[in-house]
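Following: one structure in structure tokens, then a few remarks.
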Amino acid sequence: MMWLYKKLVSLEPLFARGGRLERLYPLYEAVLTIHFSSTATTKKGAHIRDGLDTKRFMILVVIALVPSILFGVYNAGYQSLLSSQQSTSLLASMWHGALIFLPILLTSYVVGGLWEVFFAIVRKHEINEGFLVTGLLFPLTLPPTIPLWQVALGISFGIVVGKEVFGGTGKNFLNPALTARAFVYFSFPAYLSGEVWVKIMDGVESFSSATPLAIAANAPLATNAMAAIESAGYSLWDCFIGLIPGSIGETSVIVCLMGAALLIATGVGSWRTMLGCVIGLVGMAAVFNVLASDTTISFLGVSPVWHLCIGSFAFGAVFMATDPVSSPDLNASKWVYGVMIGALTVIIRVINPAYPEGVMLAILLMNVFAPLIDTIFAQRMVKKRLPNVI
Amino acid sequence: MKHAITIHRKKKFNVFFDGQPSSDVQVVDATGMIGVCPQHFRLIKPKVVVKVGDMVKQGQPLFFDKKNPQVYVHSPLSGEVKTIEYGHQRRLEKIEIMPDATIDPLQFQPVDIESLTIAKAKSMLLERGLWHGFSEHPFRTIPNPAETPPAIVVMLSNPEPFHPKISAVIDQVDHDLVTGIQVLKRLTEHVVVVVDANEKINCDEISSMAKVVRMSGDFSLFEPASALYHLKDKVEENKSWSCDWHTLVNIARTVKSQQFFPQQFISVGGNQAKDNRHYCVTKGIQINQVVTKEDPTNRIIFGGLFTGLHCEHVPYLPLGVSAINIVDSHPQPEFLSFLQPGLKKPSFTTAYLSGLLKAVNPTPTSTALNGSERDCISCGLCHDVCPVDMLPQTVLRNVAGNDIEGAMAFGLLDCSNCSVCTYVCPSKIDLSARFQEAKDALYLEVTAP
Ligand code: SF4
Ligand code: SF4
């Protein structure tokens with residue numbers, strides 16, 4: 001591989017200061033450092049440094065997403081073939097799923113990447129690898145039926161408004177992937193309302209399928225929402241495994257758990273945030289269960305276990321809520337942040353059936369409050385210090 | 001000062017590095033030119049009082065600090081001043097002296113420690129060029145001799161990789177420690193001696209004179225400012241002084257022999273050093289008398305791997321430096337290195353597999369930055385390892401936004417510049433250096449005429 005390295009390094013003068021392509025330096029830097037580790041040495045401060053850098057950090061998130069991607073691709077193909085009444089063999093499903101997912105993923109990466117490069121060049125900073133994660137998380141939250149132009153618009157909004165207007169990765173306070181998702185959600189509700197989730201193959205009769213969340217939200221008064229979901233053909237187990245219609249990467253709880261295991265083992269995702277989300281969700285759902293009666297909406301009676309397994313709660317808690325930039329800094333705040341996300345998820349799901357996917361809004365809302373939670377806990381830490389001021 | 005005599009803090013930065021010096025001690029006397037290089041003292045303004053060609057005696061003043069005109073630095077040996085070199089912004093780089101054994105050392109008056117008043121103790125230390133062995137918190141400056149310290153914290157251990165261990169030389173210096181502390185006690189009642197709980201030395205005699213605190217935990221706790229943070233319980237104590245055991249030895253030997261003590265203990269470590277051990281060398285010795293740079297791409301570090309000076313071009317052991325470490329400084333480009341399992345990567349977290357084994361396998365050291373600089377991603381690692389419970393990422397934001405009040409409220413002045421936060425930061429932000437700059441700027445502001 002040294003030939004490639006030598007080739008890349010020999011191109012450096014072209015992009016370095018004073019070079020002909022000076023403006024494209026961020027692009028050059030990105031290509032070089034993606035392929036080869038940096039040979040820079042320390043100039044100030046600690047002479048030695050840890051091996052962990054932001055690239056490794058972000059790549060570990062991408063690796064943790066691999067089970068979700070594979071399963072999502074399979075499931076998208078499977079659901080589509082199933083509703084078109086064709087063979088749903090593993091290979092056929094994967095192939096068909098890839099045909100659905102790859103265009104969405106490519107659109108997200110290409111359009112998002114263009115914005116990223118544009119801002120890096122204008123602002124003269126390096127291209128941030130956080131984009132690798134954003135550009136992947138966003139497509140996984142989308143239904144297989146999404147038109148590509150909406151993907152392009154969504155990722156543009158997420159990157160520009162969710163991140164770059166604040167100064168780029170590290171300075172943003174909203175999770176850019178979720179910002180993108182929320183934008184599409186509110187701009188094009190027809191596609192994302194939870195009704196049309198299965199991509200239909202050409203030439204086959206249109207088929208629409210409601211997600212378990214939508215069923216629960218629309219269950220009439222004084223009925224059992226869980227029974228309604230089950231009678232629509234989704235058992236609790238189905239929802240846990242995730243072989244059901246829904247967003248590409250979000251239907252399966254079990255693959256999210258695999259990702260969570262890697263994130264926690266490598267220290268990249270905060271277990272406090274994840275556990276906090278679960279506690280908040282279970283606690284709030286239990287409270288609602290107590291309040292549920294014949295005269296209340298039936299969603300109140302959905303048990304905590306069902307809440308854990310339906311919708312994109314698992315995906316959100318594992319991959320979205322733990323984004324270090326938009327979540328709070330302090331360990332204590334992470335607990336509060338997580339619990340609030342869990343509780344708000346249930347509240348939004350139950351109280352506001354128009355937006356049955358509560359977790360997305362809950363995380364975005366708590367992103368906004370993260371700095372406040374941090375400030376409160378940080379002030380308590382400051383009070384414990386013996387003042388040392390001039 | 002708190003009365004606890006042991007402080008246990010959970011080891012959070014449980015990484016250990018390769019290249020530990022052995023505990024045998026070798027004596028090396030300077031054979032050629034020696035040099036007096038003040039790089040370790042960031043905030044002084046040296047004014048040289050000798051000329052090229054002057055004959056100086058061992059213990060004769062060479063320069064003083066314009067900010068503290070009573071504070072002189074003395075010549076370690078008698079000889080002829082060969083060169084006086086200035087560097088950037090006419091800062092003194094080095095004074096080279098060719099030793100001449102035929103010239104007698106300067107002889108000081110005998111002292112009776114018991115009868116010293118504060119004023120007499122101070123003038124004795126100043127006259128013998130021992131004053132710059134103290135530093136005053138929070139700015140780590142050489143203290144103003146007109147002031148009286150609220151307390152003096154004496155560090156007997158410096159476990160930062162790699163520094164001389166007092167246990168390696170204790171049989172040579174145990175009386176010196178006692179004498180040194182006796183002298184410090186003339187300056188203030190409150191002398192606190194901090195020693196690593198793992199250090200196998202007997203402190204009974206010292207504890208009859210001063211409070212001895214045994215601490216265990218990360219090495220960063222043994223930066224004087226970190227220790228002070230855990231010891232202080234009054235606001236006045238923020239301005240305490242600190243010194244290390246080398247200062248005690250210098251004081252004691254000068255008091256005993258009435259001559260300037262021309263030697264010092266150092267250690268040589270790091271994974272690229274050949275003879276990793278302790279040495280007793282002439283102050284200002286040419287470093288190639290003790291280390292050889294086998295591979296030109298290695299880096300010689302004056303001081304520890306974390307807080308050592310960046311002044312590789314200096315050919316002499318700089319003043320006030322007691323460790324030399326040599327590490328590899330030629331990182332190779334690795335293809336798709338961020339995808340590797342990383343058994344050979346230095347890793348504090350478990351993001352690489354080596355992080356799981358860091359307590360048993362020594363972490364390889366090199367000066368590689370291991371990444372590129374990015375904005376803070378709020379991972380919180382810096383806070384996890386900070387020995388003074390700061391929120392480095394928050395203070396960084398304050399400092400960047402010029403909110404020095406806010407930074408101080410969050411503990412900027414408690415920061416000991418241990419640089420462990422810099423080490424762990426995945427965004428490769430040099431937090432410690434930024435805090436140092438902020439503190440230096442603040443110091444210049446408050447001391448401006
Ligand atoms: S802020 Fe960094 S340099 Fe300062 S004490 Fe904490 S870890 Fe050490
Ligand atoms: S270690 Fe670096 S990236 Fe992480 S919070 Fe601290 S300053 Fe930010």
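FYI, nothing fancy with the structure tokens labels: chains A, B, ... in order, residues from 1 per chain, ligands from 1 as they appear.
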Compute the set of protein, DNA and RNA residues whose minimum atom distance to ligand 1 is at most 10 Å, using only C-alpha atoms and all ligand atoms, and state it as a PyMOL selection string. (chain A and resi 45-46) or (chain B and resi 220-221+223+225-226+229+306-307+381-393+395-396+411-425+430-436)
Just the selected residues (C-alpha atoms), exported as a PDB file, in the first residue's frame, please.
ATOM      1  CA  GLY A  45       1.793  19.677  25.536  1.00  0.00           C
ATOM      2  CA  ALA A  46       1.857  15.971  26.334  1.00  0.00           C
TER       3      ALA A  46
ATOM      4  CA  SER B 220      -1.217  13.035  37.962  1.00  0.00           C
ATOM      5  CA  LEU B 221      -2.109  13.458  41.652  1.00  0.00           C
ATOM      6  CA  GLU B 223       1.774  17.175  40.278  1.00  0.00           C
ATOM      7  CA  ALA B 225      -0.945  21.623  42.137  1.00  0.00           C
ATOM      8  CA  SER B 226      -3.020  18.425  42.129  1.00  0.00           C
ATOM      9  CA  TYR B 229      -5.971  20.775  45.491  1.00  0.00           C
ATOM     10  CA  PHE B 306       3.383  14.160  29.737  1.00  0.00           C
ATOM     11  CA  THR B 307       4.768  17.406  31.091  1.00  0.00           C
ATOM     12  CA  LEU B 381     -12.885  11.443  28.760  1.00  0.00           C
ATOM     13  CA  CYS B 382     -10.899  14.465  29.895  1.00  0.00           C
ATOM     14  CA  HIS B 383     -13.182  14.930  32.881  1.00  0.00           C
ATOM     15  CA  ASP B 384     -12.919  11.262  33.788  1.00  0.00           C
ATOM     16  CA  VAL B 385      -9.147  11.455  34.236  1.00  0.00           C
ATOM     17  CA  CYS B 386      -8.676  14.964  35.631  1.00  0.00           C
ATOM     18  CA  PRO B 387      -6.981  14.767  39.051  1.00  0.00           C
ATOM     19  CA  VAL B 388      -8.474  18.060  40.216  1.00  0.00           C
ATOM     20  CA  ASP B 389     -12.092  17.288  39.263  1.00  0.00           C
ATOM     21  CA  MET B 390     -12.261  19.930  36.578  1.00  0.00           C
ATOM     22  CA  LEU B 391     -14.503  19.830  33.547  1.00  0.00           C
ATOM     23  CA  PRO B 392     -11.758  20.457  31.022  1.00  0.00           C
ATOM     24  CA  GLN B 393     -14.137  20.673  28.073  1.00  0.00           C
ATOM     25  CA  VAL B 395     -13.174  25.304  30.902  1.00  0.00           C
ATOM     26  CA  LEU B 396     -11.861  25.062  27.358  1.00  0.00           C
ATOM     27  CA  GLY B 411     -11.139  25.457  38.527  1.00  0.00           C
ATOM     28  CA  LEU B 412      -8.752  26.836  35.898  1.00  0.00           C
ATOM     29  CA  LEU B 413      -6.293  27.854  38.611  1.00  0.00           C
ATOM     30  CA  ASP B 414      -6.448  24.414  40.213  1.00  0.00           C
ATOM     31  CA  CYS B 415      -5.294  22.829  36.960  1.00  0.00           C
ATOM     32  CA  SER B 416      -1.924  21.232  37.522  1.00  0.00           C
ATOM     33  CA  ASN B 417      -1.099  20.941  33.830  1.00  0.00           C
ATOM     34  CA  CYS B 418      -0.584  17.242  34.301  1.00  0.00           C
ATOM     35  CA  SER B 419      -1.633  16.889  30.626  1.00  0.00           C
ATOM     36  CA  VAL B 420      -3.476  13.639  31.137  1.00  0.00           C
ATOM     37  CA  CYS B 421      -6.566  15.242  29.604  1.00  0.00           C
ATOM     38  CA  THR B 422      -4.516  16.139  26.546  1.00  0.00           C
ATOM     39  CA  TYR B 423      -3.345  12.542  26.345  1.00  0.00           C
ATOM     40  CA  VAL B 424      -6.827  11.024  26.282  1.00  0.00           C
ATOM     41  CA  CYS B 425      -8.606  13.585  24.084  1.00  0.00           C
ATOM     42  CA  ASP B 430      -4.095  20.266  23.701  1.00  0.00           C
ATOM     43  CA  LEU B 431      -6.226  21.184  26.688  1.00  0.00           C
ATOM     44  CA  SER B 432      -3.360  21.455  29.128  1.00  0.00           C
ATOM     45  CA  ALA B 433      -1.372  23.817  26.912  1.00  0.00           C
ATOM     46  CA  ARG B 434      -4.444  25.977  26.396  1.00  0.00           C
ATOM     47  CA  PHE B 435      -4.949  26.216  30.139  1.00  0.00           C
ATOM     48  CA  GLN B 436      -1.290  27.025  30.629  1.00  0.00           C
TER      49      GLN B 436
END
May I have all residues of segment 123-267 of chain B that DSSP, computed from the backbone, assigns to alpha helix (DSSP H), given as number ranges by chain? B: 123-127, 166-187, 204-207, 224-231, 245-257
Written file, previous selection with C-alpha atoms, as an mmCIF file, in the first residue's frame:
data_model
loop_
_atom_site.group_PDB
_atom_site.id
_atom_site.type_symbol
_atom_site.label_atom_id
_atom_site.label_comp_id
_atom_site.auth_asym_id
_atom_site.auth_seq_id
_atom_site.Cartn_x
_atom_site.Cartn_y
_atom_site.Cartn_z
ATOM 1 C CA SER B 123 18.533 35.524 52.670
ATOM 2 C CA MET B 124 20.528 32.336 53.161
ATOM 3 C CA LEU B 125 18.502 30.570 50.442
ATOM 4 C CA LEU B 126 18.717 33.565 48.130
ATOM 5 C CA GLU B 127 22.439 34.036 48.605
ATOM 6 C CA ILE B 166 13.398 8.656 45.783
ATOM 7 C CA SER B 167 13.487 5.071 46.970
ATOM 8 C CA ALA B 168 16.376 4.449 44.543
ATOM 9 C CA VAL B 169 18.602 7.038 46.223
ATOM 10 C CA ILE B 170 17.144 7.168 49.707
ATOM 11 C CA ASP B 171 20.282 5.856 51.448
ATOM 12 C CA GLN B 172 22.219 8.796 49.965
ATOM 13 C CA VAL B 173 19.689 11.496 50.742
ATOM 14 C CA ASP B 174 17.761 10.524 53.865
ATOM 15 C CA HIS B 175 19.669 12.969 56.094
ATOM 16 C CA ASP B 176 19.354 15.674 53.458
ATOM 17 C CA LEU B 177 15.573 15.385 53.505
ATOM 18 C CA VAL B 178 15.547 15.944 57.237
ATOM 19 C CA THR B 179 17.926 18.925 57.047
ATOM 20 C CA GLY B 180 16.004 20.398 54.136
ATOM 21 C CA ILE B 181 12.706 20.194 55.982
ATOM 22 C CA GLN B 182 14.310 21.785 59.040
ATOM 23 C CA VAL B 183 15.208 24.769 56.874
ATOM 24 C CA LEU B 184 11.714 24.942 55.337
ATOM 25 C CA LYS B 185 10.260 24.957 58.824
ATOM 26 C CA ARG B 186 12.069 28.260 59.396
ATOM 27 C CA LEU B 187 9.963 29.721 56.561
ATOM 28 C CA ASP B 204 9.299 8.358 60.619
ATOM 29 C CA GLU B 205 11.938 10.997 61.200
ATOM 30 C CA ILE B 206 10.271 13.427 58.790
ATOM 31 C CA SER B 207 6.869 12.920 60.335
ATOM 32 C CA PRO B 224 2.209 19.713 43.088
ATOM 33 C CA ALA B 225 -0.945 21.623 42.137
ATOM 34 C CA SER B 226 -3.020 18.425 42.129
ATOM 35 C CA ALA B 227 -1.707 17.487 45.553
ATOM 36 C CA LEU B 228 -2.412 20.987 46.817
ATOM 37 C CA TYR B 229 -5.971 20.775 45.491
ATOM 38 C CA HIS B 230 -6.591 17.730 47.662
ATOM 39 C CA LEU B 231 -4.799 19.125 50.689
ATOM 40 C CA TRP B 245 12.979 16.534 47.015
ATOM 41 C CA HIS B 246 15.766 17.719 44.733
ATOM 42 C CA THR B 247 15.369 21.161 46.284
ATOM 43 C CA LEU B 248 15.676 19.661 49.767
ATOM 44 C CA VAL B 249 18.883 17.908 48.730
ATOM 45 C CA ASN B 250 20.300 21.120 47.230
ATOM 46 C CA ILE B 251 19.516 23.047 50.415
ATOM 47 C CA ALA B 252 20.900 20.411 52.745
ATOM 48 C CA ARG B 253 24.134 19.833 50.848
ATOM 49 C CA THR B 254 24.854 23.565 50.608
ATOM 50 C CA VAL B 255 24.193 24.022 54.296
ATOM 51 C CA LYS B 256 26.431 21.084 55.148
ATOM 52 C CA SER B 257 29.424 21.814 52.912
#
Fewer than 3 positions away in the same chain doesn't count, so skip those; otherwise give me all residues within 9 Å of Lys10 of chain B, counting only C-alpha atoms, as number ranges by chain. B: 216-218
Find the residues near Gly113 of chain A: any atom within 10 Å, counting only C-alpha atoms, skip ones fewer than 3 places away on the same chain, and give them as a ChimeraX atom specification. /A:106-110,116-119,127,131-132,135,155-156,159
Dump as a short mmCIF file (atom, residue, chain, number, x, y, z; two decimals) with all heavy atoms, in the first residue's frame the residues of chain B that approach chain A to within 6 Å, counting only C-alpha atoms.
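In the end it all went to result-v2.cif:
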data_model
loop_
_atom_site.label_atom_id
_atom_site.label_comp_id
_atom_site.auth_asym_id
_atom_site.auth_seq_id
_atom_site.Cartn_x
_atom_site.Cartn_y
_atom_site.Cartn_z
N LEU B 305 6.99 12.16 30.21
CA LEU B 305 6.36 11.97 28.90
C LEU B 305 5.17 12.89 28.72
O LEU B 305 4.77 13.19 27.61
CB LEU B 305 5.90 10.52 28.76
CG LEU B 305 6.97 9.44 28.82
CD1 LEU B 305 6.34 8.07 28.69
CD2 LEU B 305 7.99 9.67 27.72
N PHE B 306 4.57 13.32 29.84
CA PHE B 306 3.38 14.16 29.74
C PHE B 306 3.72 15.64 29.85
O PHE B 306 3.22 16.44 29.08
CB PHE B 306 2.37 13.78 30.82
CG PHE B 306 1.71 12.47 30.57
CD1 PHE B 306 2.37 11.28 30.80
CD2 PHE B 306 0.43 12.42 30.06
CE1 PHE B 306 1.78 10.07 30.53
CE2 PHE B 306 -0.18 11.22 29.79
CZ PHE B 306 0.50 10.03 30.03
N THR B 307 4.55 15.98 30.83
CA THR B 307 4.77 17.41 31.09
C THR B 307 6.16 17.87 30.69
O THR B 307 6.52 19.00 30.97
CB THR B 307 4.56 17.70 32.58
OG1 THR B 307 5.55 16.97 33.32
CG2 THR B 307 3.19 17.27 33.05
N PRO B 331 6.31 8.16 13.43
CA PRO B 331 5.16 7.30 13.16
C PRO B 331 5.07 6.93 11.67
O PRO B 331 5.34 7.76 10.81
CB PRO B 331 3.96 8.15 13.58
CG PRO B 331 4.45 9.53 13.76
CD PRO B 331 5.93 9.50 13.91
N PRO B 333 2.88 5.66 8.40
CA PRO B 333 1.49 5.67 7.95
C PRO B 333 0.96 4.24 7.92
O PRO B 333 1.62 3.35 7.40
CB PRO B 333 1.57 6.24 6.53
CG PRO B 333 2.97 6.01 6.09
CD PRO B 333 3.82 6.01 7.32
N GLU B 334 -0.20 4.04 8.50
CA GLU B 334 -0.78 2.70 8.48
C GLU B 334 -2.05 2.73 7.65
O GLU B 334 -2.85 3.66 7.78
CB GLU B 334 -1.15 2.25 9.89
CG GLU B 334 0.02 1.84 10.74
CD GLU B 334 -0.45 1.52 12.13
OE1 GLU B 334 -1.03 0.44 12.31
OE2 GLU B 334 -0.27 2.35 13.03
N PHE B 335 -2.23 1.69 6.83
CA PHE B 335 -3.39 1.66 5.95
C PHE B 335 -4.64 1.31 6.75
O PHE B 335 -4.66 0.33 7.49
CB PHE B 335 -3.13 0.63 4.85
CG PHE B 335 -4.18 0.64 3.77
CD1 PHE B 335 -4.41 1.78 3.02
CD2 PHE B 335 -4.94 -0.48 3.52
CE1 PHE B 335 -5.37 1.81 2.04
CE2 PHE B 335 -5.91 -0.47 2.53
CZ PHE B 335 -6.11 0.68 1.78
N LEU B 336 -5.66 2.14 6.62
CA LEU B 336 -6.94 1.93 7.29
C LEU B 336 -6.78 1.55 8.77
O LEU B 336 -7.38 0.60 9.26
CB LEU B 336 -7.75 0.85 6.57
CG LEU B 336 -8.14 1.16 5.13
CD1 LEU B 336 -9.00 0.05 4.56
CD2 LEU B 336 -8.89 2.49 5.01
N SER B 337 -5.95 2.31 9.45
CA SER B 337 -5.61 1.91 10.81
C SER B 337 -6.82 1.99 11.75
O SER B 337 -6.87 1.27 12.74
CB SER B 337 -4.50 2.80 11.35
OG SER B 337 -5.00 4.07 11.63
N PHE B 338 -7.80 2.82 11.40
CA PHE B 338 -8.93 2.94 12.33
C PHE B 338 -9.85 1.72 12.29
O PHE B 338 -10.77 1.60 13.07
CB PHE B 338 -9.73 4.23 12.04
CG PHE B 338 -10.24 4.33 10.64
CD1 PHE B 338 -11.42 3.73 10.28
CD2 PHE B 338 -9.50 5.01 9.68
CE1 PHE B 338 -11.89 3.81 8.99
CE2 PHE B 338 -9.97 5.09 8.38
CZ PHE B 338 -11.16 4.49 8.03
N LYS B 345 -1.97 -0.63 19.67
CA LYS B 345 -2.22 0.81 19.80
C LYS B 345 -2.17 1.21 21.27
O LYS B 345 -2.65 0.46 22.11
CB LYS B 345 -3.63 1.12 19.26
CG LYS B 345 -3.70 1.13 17.77
CD LYS B 345 -3.67 2.55 17.29
CE LYS B 345 -3.73 2.61 15.78
NZ LYS B 345 -3.46 3.93 15.27
N PRO B 346 -1.66 2.40 21.57
CA PRO B 346 -1.81 2.85 22.94
C PRO B 346 -3.27 3.19 23.16
O PRO B 346 -3.86 3.89 22.35
CB PRO B 346 -0.94 4.11 23.00
CG PRO B 346 -0.82 4.58 21.59
CD PRO B 346 -0.99 3.38 20.71
N SER B 347 -3.89 2.63 24.18
CA SER B 347 -5.32 2.92 24.34
C SER B 347 -5.74 2.93 25.79
O SER B 347 -5.58 1.95 26.51
CB SER B 347 -6.15 1.91 23.57
OG SER B 347 -7.49 2.34 23.55
N THR B 350 -11.45 1.30 25.81
CA THR B 350 -11.51 -0.01 25.17
C THR B 350 -11.87 0.11 23.70
O THR B 350 -12.29 -0.85 23.07
CB THR B 350 -12.54 -0.90 25.88
OG1 THR B 350 -13.70 -0.11 26.12
CG2 THR B 350 -12.01 -1.41 27.18
N ALA B 351 -11.68 1.29 23.13
CA ALA B 351 -11.96 1.45 21.71
C ALA B 351 -10.99 0.65 20.85
O ALA B 351 -11.27 0.34 19.70
CB ALA B 351 -11.92 2.92 21.32
N SER B 366 5.08 6.60 21.78
CA SER B 366 5.71 7.31 20.68
C SER B 366 5.09 8.70 20.66
O SER B 366 4.08 8.93 21.31
CB SER B 366 5.48 6.60 19.35
OG SER B 366 4.31 7.09 18.75
N THR B 367 5.72 9.59 19.93
CA THR B 367 5.20 10.96 19.93
C THR B 367 4.12 11.16 18.87
O THR B 367 3.76 12.28 18.56
CB THR B 367 6.31 11.98 19.67
OG1 THR B 367 6.83 11.72 18.36
CG2 THR B 367 7.41 11.86 20.69
N ALA B 368 3.63 10.06 18.29
CA ALA B 368 2.60 10.19 17.26
C ALA B 368 1.37 10.88 17.83
O ALA B 368 0.95 10.59 18.95
CB ALA B 368 2.22 8.82 16.73
N LEU B 369 0.80 11.76 17.04
CA LEU B 369 -0.42 12.44 17.48
C LEU B 369 -1.60 11.47 17.42
O LEU B 369 -2.59 11.65 18.10
CB LEU B 369 -0.66 13.64 16.55
CG LEU B 369 -1.62 14.71 16.98
CD1 LEU B 369 -1.24 15.29 18.32
CD2 LEU B 369 -1.67 15.81 15.94
N ASN B 370 -1.47 10.42 16.62
CA ASN B 370 -2.50 9.39 16.50
C ASN B 370 -3.85 9.93 16.08
O ASN B 370 -4.89 9.49 16.57
CB ASN B 370 -2.66 8.63 17.82
CG ASN B 370 -1.51 7.69 18.08
OD1 ASN B 370 -0.99 7.09 17.15
ND2 ASN B 370 -1.09 7.59 19.32
N GLY B 371 -3.85 10.88 15.18
CA GLY B 371 -5.13 11.41 14.71
C GLY B 371 -4.95 12.83 14.26
O GLY B 371 -3.83 13.32 14.16
N ASP B 375 -12.82 19.53 16.48
CA ASP B 375 -13.53 20.21 17.57
C ASP B 375 -13.88 19.19 18.64
O ASP B 375 -14.00 18.00 18.36
CB ASP B 375 -14.81 20.85 17.03
CG ASP B 375 -14.53 22.19 16.39
OD1 ASP B 375 -13.62 22.88 16.89
OD2 ASP B 375 -15.20 22.55 15.41
N CYS B 376 -14.09 19.68 19.85
CA CYS B 376 -14.46 18.82 20.97
C CYS B 376 -15.77 18.10 20.65
O CYS B 376 -16.72 18.70 20.19
CB CYS B 376 -14.62 19.67 22.22
SG CYS B 376 -15.41 18.82 23.59
N ILE B 377 -15.79 16.79 20.89
CA ILE B 377 -17.04 16.05 20.65
C ILE B 377 -17.73 15.71 21.96
O ILE B 377 -18.60 14.83 22.00
CB ILE B 377 -16.80 14.77 19.81
CG1 ILE B 377 -15.72 13.90 20.47
CG2 ILE B 377 -16.42 15.11 18.40
CD1 ILE B 377 -15.69 12.49 19.92
N SER B 378 -17.31 16.35 23.04
CA SER B 378 -17.95 16.17 24.35
C SER B 378 -17.98 14.71 24.79
O SER B 378 -18.97 14.25 25.33
CB SER B 378 -19.40 16.67 24.34
OG SER B 378 -19.43 18.02 24.00
N CYS B 379 -16.88 14.01 24.57
CA CYS B 379 -16.88 12.60 24.97
C CYS B 379 -16.72 12.46 26.48
O CYS B 379 -17.01 11.40 27.04
CB CYS B 379 -15.76 11.86 24.27
SG CYS B 379 -14.15 12.44 24.80
N GLY B 380 -16.22 13.49 27.14
CA GLY B 380 -16.12 13.45 28.59
C GLY B 380 -14.91 12.71 29.14
O GLY B 380 -14.74 12.60 30.35
N MET B 408 -12.23 30.30 35.87
CA MET B 408 -11.70 30.18 37.24
C MET B 408 -12.71 29.54 38.17
O MET B 408 -12.36 28.75 39.05
CB MET B 408 -11.27 31.55 37.76
CG MET B 408 -9.98 32.02 37.11
SD MET B 408 -9.21 33.38 37.99
CE MET B 408 -10.36 34.70 37.69
N PHE B 410 -14.71 27.28 37.43
CA PHE B 410 -14.67 25.84 37.18
C PHE B 410 -13.31 25.23 37.50
O PHE B 410 -13.07 24.07 37.22
CB PHE B 410 -15.02 25.54 35.72
CG PHE B 410 -16.48 25.55 35.44
CD1 PHE B 410 -17.07 26.61 34.79
CD2 PHE B 410 -17.29 24.49 35.85
CE1 PHE B 410 -18.43 26.62 34.54
CE2 PHE B 410 -18.63 24.50 35.61
CZ PHE B 410 -19.22 25.57 34.95
N SER B 419 -1.52 17.26 32.05
CA SER B 419 -1.63 16.89 30.63
C SER B 419 -2.24 15.52 30.37
O SER B 419 -2.17 15.01 29.26
CB SER B 419 -0.27 16.96 29.92
OG SER B 419 0.21 18.26 29.94
N TYR B 423 -3.68 13.89 26.81
CA TYR B 423 -3.35 12.54 26.35
C TYR B 423 -4.59 11.80 25.87
O TYR B 423 -4.58 11.17 24.81
CB TYR B 423 -2.66 11.74 27.46
CG TYR B 423 -2.39 10.30 27.07
CD1 TYR B 423 -1.25 9.97 26.37
CD2 TYR B 423 -3.28 9.29 27.38
CE1 TYR B 423 -1.00 8.66 25.98
CE2 TYR B 423 -3.05 7.98 27.00
CZ TYR B 423 -1.90 7.67 26.30
OH TYR B 423 -1.68 6.37 25.91
N VAL B 424 -5.68 11.86 26.63
CA VAL B 424 -6.83 11.02 26.28
C VAL B 424 -7.73 11.63 25.22
O VAL B 424 -8.54 10.91 24.64
CB VAL B 424 -7.70 10.69 27.52
CG1 VAL B 424 -6.92 9.90 28.53
CG2 VAL B 424 -8.28 11.93 28.14
N PRO B 426 -9.75 12.45 22.22
CA PRO B 426 -9.79 11.89 20.87
C PRO B 426 -9.75 12.96 19.79
O PRO B 426 -9.39 12.68 18.66
CB PRO B 426 -11.11 11.12 20.82
CG PRO B 426 -11.95 11.70 21.89
CD PRO B 426 -11.02 12.24 22.94
N SER B 427 -10.11 14.20 20.16
CA SER B 427 -10.05 15.28 19.18
C SER B 427 -8.68 15.92 19.15
O SER B 427 -8.48 16.92 18.46
CB SER B 427 -11.11 16.34 19.48
OG SER B 427 -12.39 15.80 19.32
N ALA B 433 -2.12 22.67 27.42
CA ALA B 433 -1.37 23.82 26.91
C ALA B 433 -2.27 25.05 26.83
O ALA B 433 -1.84 26.16 27.12
CB ALA B 433 -0.77 23.50 25.55
#
Separation of atom CA of Pro138 of chain B and atom CA of Asp65 of chain B, in Å?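 One can read the atom CA of Pro138 of chain B to atom CA of Asp65 of chain B distance as 19.0 Å.
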Pick out the closest residue to Arg123 of chain A from this set: A:Arg272, A:Ala314, A:Leu24, A:Asp238. Count only C-alpha atoms. A:Leu24
Which of these, B:Val213, B:Ile97, B:Cys37, B:Ala273, has the shortest distance to Leu309 of chain B once you count only C-alpha atoms? B:Cys37
Could you list, as a list in words, every residue within 6 Å of Ile34 of chain B, counting only C-alpha atoms and ignoring same-chain residues fewer than 5 positions away? Glu96, Ile97, Gly284 and Ile285 of chain B
Dump of N, CA, C and O atoms for the selected residues, as a compact mmCIF listing (two decimals), in the first residue's frame:
# COMPACT_ATOMS: atom_id res chain seq x y z
N GLU B 96 27.25 28.88 28.41
CA GLU B 96 28.16 27.73 28.42
C GLU B 96 29.40 28.06 29.22
O GLU B 96 29.97 29.16 29.09
N ILE B 97 29.81 27.14 30.05
CA ILE B 97 30.96 27.35 30.93
C ILE B 97 31.94 26.20 30.75
O ILE B 97 31.53 25.03 30.77
N GLY B 284 23.76 20.73 34.57
CA GLY B 284 24.10 21.32 33.28
C GLY B 284 25.02 20.46 32.43
O GLY B 284 25.65 20.94 31.49
N ILE B 285 25.07 19.17 32.71
CA ILE B 285 25.95 18.26 31.95
C ILE B 285 25.47 18.16 30.50
O ILE B 285 24.27 18.33 30.21
